[in-house]
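Notes follow once the structure below has been shown.
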Amino acid sequence: MTLLDFASVRVRTTLLPPVIAALALTLAVMFPLLSPLTIRAMADVLFAALVFHGLISAQIPTLYAVAITVLSFAQAGIFLSATDKAGSIWLALAVYCVASAAAAFVKHRDARRVMLLGGALSLAQLLDPMGAVLAIFLLPVCVGLPRPGEGRDKAGLLALLLFMPIVTAAVLAYARGVLGIHLTDFIGRPRAVEHTSLPFILLAGFAAPALWLTVLVRPLRHPAGLIAVFTAIVAIVEIALTFVVGIERDMASMLAAVAAAAPVAISTWPRPLQNADLALASSALSAIVSWLLLYLPSAVN
Amino acid sequence: MGPSGERDAITRASVVRLERAADGAETHIRSYLRRVDLKRDPPDPGLLRAADLDAYFNGLFVPWRRQSGRLVIACAEPSPAQFARLRSEYREPIAFAAVREEALLRVVEKHYRKRLTHDAIHALADAEPSLCANTTVTSAQKKTFLLIALCALAAILFSPRTTLAILAGCLAAAYLANVLFRASLVWLGAAEAFDAPPAPAPVAEEDLPLYTILVPLYREANVLPSLVASLTALDYPNEKLDIKLIVEADDRQTRRALRALDLKSFFHIVVVPPSNPRTKPKACNYALRFARGEFTVIFDAEDRPEPDQLRKAVASFRAGPANVGCLQARLNFYNRDENWLTRLFTLDYALWFDFLLPGLDALRVPMPLGGTSNHFRTTVLRAIHGWDSFNVTEDADLGVRLARLGHRATTLDSTTYEEATSHLGDWMKQRSRWLKGYMQTWLVHMRDPVALWRRAGTRGFFAFQLFIGGTFVSSLANPLMWAIFLISHFTGIAIFTGPFGEALARASLFSLIAGNALFVYLAMLGPYRRGWLKLAPYGLTAPLYWLLISAAAWRALWQLVRRPFHWEKTRHGVSTFEAKAA
């Protein structure tokens, strides 16, 4: 018997968006009043809820969605970030939000998805400064996939997509420079517990087989999935670049960023019912590989 | 009755014969009936009953005279069904005669002109005085405002800085609430086809009902040819159109131009006698008495509705719930690329009609209607006493009134293209009128806030405050907030003091920046649905446009005090752009 035999189990998915919204709103509004432990716990729950909702929305059977969500947390980067041992769950949240919003935008270019993507890119800057870089790298690719009749108006679309991230960057700069408020300090910076080296950072991509499958297996390929892969690549490149210029980054952050993009890629796979086992297997493999990658530097040293 | 009498007046036996006739019975009947020229032989005034006025207009008949012991009823659209109905109503020997529709309407109108004029102006005030804007501010409202002002003054004298800080904080909170509400509406209204329910199935040709189109005209002779062309281009059976071109009696130029046009038989000219207030709603109310359609729509003189709009409206009415009393079609502009003002106006309209109104619709709260392309069930429109002749945004008021009286207004996925005012002076007059009308509407419906709350519901009540009240309050407040920020920033004067001074200052600054940024963003998003993305970058200049709106808001406030019912006419036909639907 496989999990597919229980595929008829359904959850009331309509309840999820309001729960997620309420959680995010509480986190945003009550932030200064909550203890760090509560904040992190809420961030973990929020991340899990987002991943689960994304999978359910992609018609992946409920039990598979639960299993993949749990396996996401078994992935080394997410586990360490979620338990605050290393890395930062905020980075995972930022990558997930941007990747899923960009994938949704590629699928349905409606006004809601434009707002979502702009909002995700703005939020990413608040959650992790890397978000700004993501915005710059990701948007040209998103708008570089024009639909019929959109070619002439690409500048308008670009202005629309970039407006929110740019205003957020300006507000953050104003708050920091004029008012002396460091908004990102409230969230906490990724901590470098497990020191690593550049080759291992670049190897982090192997910790998410779902991303490779999305690129290499033709039946699984979809432009929205490629955007999720691209988001992960941008995250790897950005962390590698910051590492090269001397900013210490840890392997857990790297792995968390990659792991956050994987469920988004899975959500874009066609025929979710048939590919559910593959998604589950890739998530399980991801958990194993990520732990190997995490301890490989120590073993090598 | 002799042999000639057989032609003069139809008998019950011949009606029975005609009822058995195939299609075209009406033509058949006409050939039997005696023809009467009402201009030469007007009806006996003693036979007319004021209580039957609407029946005369809707049924197109009038009791003419008594002859040979029979009451002769003149009919413009004789039919066996009508004969049967009239026989049962009058319960006396009846004969029928045929008349021309125009002549019948004219003679009844002439007889009841005073009554019709009174009703056009005062029907709402007579039936629902508390919902009419003929009094701008009631004495109870004056006392309340005075009390609030005195309390604020006393607080300022007692503790000026704290009071001003609190007031500024409240202003900032209200401003942010308004922005966030609009952003929520945009989100709700942004549901595209795959999220939204599918369009209703079209109605079969033979099931299409008679449709009345009201077109109020005032000094618009220059746009008449294109108006007639647009209305003639509507994809709707001609015989089921009842178009009323409404013209003021003293507007000789337009009347002359109308006479010069070779109008088809479904166009009817309604002349509104001179009376005050001289407003569009009064003219529409006057013409509404003559409306014969199951549905009624209002178009402006320069409107270019999409040809299938009436069919879509019928399909939506038929498919929708019975309590939908009105459908608001989307409005936009055909001359959007004329200049900066028309581009910004287009962003404004696109946001309003493509996102905000559908958002209100999704929330099921009162929806202020746009000035044109409102499709009504005629019975509902009459039941709520038509438009408020004293409200200069009678459309917005009507939307709220519909909700208060248990009807729903919803959006129709069809666009009417209009002419955007391309001259600053015209734009300022138009916008001032709109904002003055929103102030009037807010004041009218806030005369009894509890009643509004009960009838519109909690959600509807707050939506009304944020959408109607928020529109003019944010326009009035925007320059004040910027002034506070700039004075504080450049002079170093601390506006916010006291224990929460710094927090209040930061909250206000956040409200101002986030609010304005969100407004700019929404303006940029406005044209997205129509794919007019090249207009999106112009949204970055929206703050300049808001300065103009704020100026219009303060002008509107001044006018509300000085000339509350004055209708500043918007010139049409000014644009040099070729009229073309996008």
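By order in the structure tokens, chains are A, B, ...; within a chain, residues start at 1; ligands start at 1, following the order shown.
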_Contact residues (chain A, partner chain B, 8 Å, only C-alpha atoms) as a PyMOL selection string_ = chain A and resi 110-112+150+152-157+159-160+163-164+167
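For segment 324-410 of chain B, the set of residues given strand (DSSP E or B) by DSSP on the backbone reads Val324, Gly325, Cys326, Leu327, Gln328, Ala329, Arg330, Leu331, Asn332, Phe333, Asn374, His375, Phe376, Arg377, Arg408, Ala409 and Thr410 of chain B.
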Can you pull out every residue from segment 2-155 of chain A that DSSP, working from the backbone, puts in alpha helix (DSSP H), and format the result as a tab-separated table (two decimals) with C-alpha atoms, in the first residue's frame?
chain	number	residue	atom	x	y	z
A	16	LEU	CA	-5.59	27.72	4.88
A	17	PRO	CA	-5.22	31.13	3.19
A	18	PRO	CA	-6.98	33.01	6.03
A	19	VAL	CA	-4.94	31.07	8.59
A	20	ILE	CA	-1.73	31.93	6.75
A	21	ALA	CA	-2.78	35.57	6.39
A	22	ALA	CA	-3.70	35.79	10.09
A	23	LEU	CA	-0.40	34.23	11.08
A	24	ALA	CA	1.60	36.58	8.86
A	25	LEU	CA	-0.36	39.60	10.06
A	26	THR	CA	0.08	38.66	13.71
A	27	LEU	CA	3.78	38.18	13.13
A	28	ALA	CA	4.09	41.53	11.37
A	29	VAL	CA	2.04	43.56	13.84
A	30	MET	CA	3.00	41.88	17.12
A	36	PRO	CA	12.27	35.44	20.05
A	37	LEU	CA	11.17	31.87	20.69
A	38	THR	CA	7.55	32.64	19.82
A	39	ILE	CA	8.58	34.57	16.74
A	40	ARG	CA	10.69	31.70	15.46
A	41	ALA	CA	7.97	29.15	16.22
A	42	MET	CA	5.45	31.27	14.31
A	43	ALA	CA	7.87	31.62	11.41
A	44	ASP	CA	8.31	27.84	11.32
A	45	VAL	CA	4.56	27.27	11.32
A	46	LEU	CA	4.13	29.90	8.65
A	47	PHE	CA	6.75	28.26	6.45
A	48	ALA	CA	5.15	24.83	6.90
A	49	ALA	CA	1.68	26.22	6.17
A	50	LEU	CA	2.90	27.96	3.02
A	51	VAL	CA	4.63	24.84	1.70
A	52	PHE	CA	1.65	22.64	2.49
A	53	HIS	CA	-0.80	25.09	0.91
A	54	GLY	CA	1.36	25.38	-2.21
A	55	LEU	CA	1.42	21.61	-2.63
A	56	ILE	CA	-2.30	21.20	-1.97
A	57	SER	CA	-3.10	23.98	-4.43
A	62	THR	CA	-3.09	15.55	0.89
A	63	LEU	CA	-1.00	12.85	2.51
A	64	TYR	CA	1.79	13.41	0.01
A	65	ALA	CA	1.62	17.12	0.75
A	66	VAL	CA	1.91	16.40	4.46
A	67	ALA	CA	4.81	14.01	3.87
A	68	ILE	CA	6.69	16.42	1.59
A	69	THR	CA	6.17	19.26	4.08
A	70	VAL	CA	7.53	17.12	6.89
A	71	LEU	CA	10.46	16.02	4.72
A	72	SER	CA	11.18	19.68	3.97
A	73	PHE	CA	11.72	20.16	7.68
A	74	ALA	CA	13.88	17.04	7.75
A	76	ALA	CA	19.32	19.84	7.08
A	77	GLY	CA	19.13	23.53	6.20
A	78	ILE	CA	15.47	23.93	7.11
A	79	PHE	CA	15.82	21.79	10.24
A	80	LEU	CA	18.73	23.80	11.60
A	81	SER	CA	17.09	27.08	10.65
A	82	ALA	CA	13.75	26.10	12.13
A	89	ILE	CA	14.23	30.40	8.69
A	90	TRP	CA	13.65	33.92	7.35
A	91	LEU	CA	15.89	33.21	4.39
A	92	ALA	CA	13.91	30.06	3.64
A	93	LEU	CA	10.68	32.04	3.91
A	94	ALA	CA	12.04	34.76	1.63
A	95	VAL	CA	13.15	32.29	-1.02
A	96	TYR	CA	9.90	30.36	-0.83
A	97	CYS	CA	7.74	33.50	-1.11
A	98	VAL	CA	9.69	34.87	-4.07
A	99	ALA	CA	9.89	31.53	-5.87
A	100	SER	CA	6.20	30.72	-5.43
A	101	ALA	CA	5.07	34.24	-6.34
A	102	ALA	CA	7.29	34.25	-9.43
A	103	ALA	CA	6.04	30.81	-10.46
A	104	ALA	CA	2.43	31.92	-9.99
A	105	PHE	CA	3.14	35.00	-12.07
A	106	VAL	CA	4.57	32.93	-14.88
A	107	LYS	CA	1.51	30.67	-14.80
A	111	ALA	CA	-3.11	41.53	-11.47
A	112	ARG	CA	-3.19	39.46	-8.31
A	113	ARG	CA	0.01	37.67	-9.23
A	114	VAL	CA	1.65	40.98	-10.08
A	115	MET	CA	0.76	42.21	-6.61
A	116	LEU	CA	1.93	38.96	-5.05
A	117	LEU	CA	5.29	39.05	-6.78
A	118	GLY	CA	5.87	42.70	-5.94
A	119	GLY	CA	4.87	42.01	-2.36
A	120	ALA	CA	7.09	38.93	-2.13
A	121	LEU	CA	10.10	40.82	-3.43
A	122	SER	CA	9.47	43.61	-0.94
A	123	LEU	CA	9.00	41.17	1.89
A	124	ALA	CA	12.17	39.37	0.89
A	125	GLN	CA	14.12	42.55	1.53
A	126	LEU	CA	12.68	42.77	5.01
A	127	LEU	CA	13.30	39.11	5.78
A	130	MET	CA	19.49	39.10	-0.23
A	131	GLY	CA	15.95	39.73	-1.41
A	132	ALA	CA	16.98	42.94	-3.10
A	133	VAL	CA	19.50	41.05	-5.18
A	134	LEU	CA	16.91	38.42	-5.96
A	135	ALA	CA	14.61	41.13	-7.24
A	136	ILE	CA	17.20	42.49	-9.60
A	137	PHE	CA	18.15	39.09	-10.99
A	138	LEU	CA	14.77	37.48	-11.08
A	139	LEU	CA	12.51	40.09	-12.59
A	140	PRO	CA	14.13	40.43	-15.98
A	141	VAL	CA	13.73	36.69	-16.38
A	142	CYS	CA	10.08	36.80	-15.40
A	143	VAL	CA	9.29	39.59	-17.79
A	154	LYS	CA	7.44	45.30	-21.25
A	155	ALA	CA	8.72	48.56	-19.78
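Interatomic distance, atom CA of Gly370 of chain B against atom CA of Arg555 of chain B: 21.2 Å.
Look at Ile236 of chain A: the protein and nucleic acid residues within 7 Å of it, using only C-alpha atoms and passing over chain neighbours fewer than 4 places away, are Leu202, Ala232, Ala240 and Met254 of chain A.
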*Nearby residues (only C-alpha atoms) at most 9 Å from Val380 of chain B, same-chain spacing under 3 positions excluded, as a list in words*: Gly325, Cys326, Phe376, Arg377, Ala383, Ile384, His385, Gly386, Leu402 and His407 of chain B
Would you write out those residues with N, CA and C atoms, as a JSON list (two decimals), in the first residue's frame?
[["chain", "number", "residue", "atom", "x", "y", "z"],
["B", 325, "GLY", "N", -30.60, 44.77, -8.66],
["B", 325, "GLY", "CA", -31.41, 45.83, -9.26],
["B", 325, "GLY", "C", -30.67, 46.63, -10.29],
["B", 326, "CYS", "N", -29.35, 46.53, -10.26],
["B", 326, "CYS", "CA", -28.55, 47.35, -11.17],
["B", 326, "CYS", "C", -27.25, 46.65, -11.55],
["B", 376, "PHE", "N", -30.58, 49.16, -15.16],
["B", 376, "PHE", "CA", -31.51, 48.92, -14.05],
["B", 376, "PHE", "C", -32.66, 48.03, -14.48],
["B", 377, "ARG", "N", -33.23, 47.33, -13.50],
["B", 377, "ARG", "CA", -34.57, 46.80, -13.70],
["B", 377, "ARG", "C", -35.47, 48.02, -13.55],
["B", 383, "ALA", "N", -39.41, 51.98, -8.22],
["B", 383, "ALA", "CA", -39.80, 51.71, -6.83],
["B", 383, "ALA", "C", -38.95, 52.52, -5.84],
["B", 384, "ILE", "N", -37.72, 52.81, -6.23],
["B", 384, "ILE", "CA", -36.88, 53.59, -5.29],
["B", 384, "ILE", "C", -36.92, 55.08, -5.63],
["B", 385, "HIS", "N", -37.88, 55.45, -6.48],
["B", 385, "HIS", "CA", -38.15, 56.85, -6.83],
["B", 385, "HIS", "C", -37.03, 57.48, -7.66],
["B", 386, "GLY", "N", -36.37, 56.68, -8.45],
["B", 386, "GLY", "CA", -35.39, 57.21, -9.41],
["B", 386, "GLY", "C", -34.22, 57.90, -8.75],
["B", 402, "LEU", "N", -29.89, 51.92, -3.28],
["B", 402, "LEU", "CA", -30.29, 50.57, -3.70],
["B", 402, "LEU", "C", -29.98, 49.57, -2.59],
["B", 407, "HIS", "N", -31.65, 46.08, -2.42],
["B", 407, "HIS", "CA", -31.28, 45.65, -3.76],
["B", 407, "HIS", "C", -29.76, 45.61, -3.88]]
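Considering the residues B:Arg459, B:Arg35, B:Arg330, B:Lys429 and counting only C-alpha atoms, Arg364 of chain B has its shortest atom-to-atom contact with B:Arg459.
Remark: for Pro449 of chain B, the closest of the candidate residues B:Arg433, B:Lys39, B:Arg404, B:Arg115 is B:Arg404 (distances computed over only C-alpha atoms).
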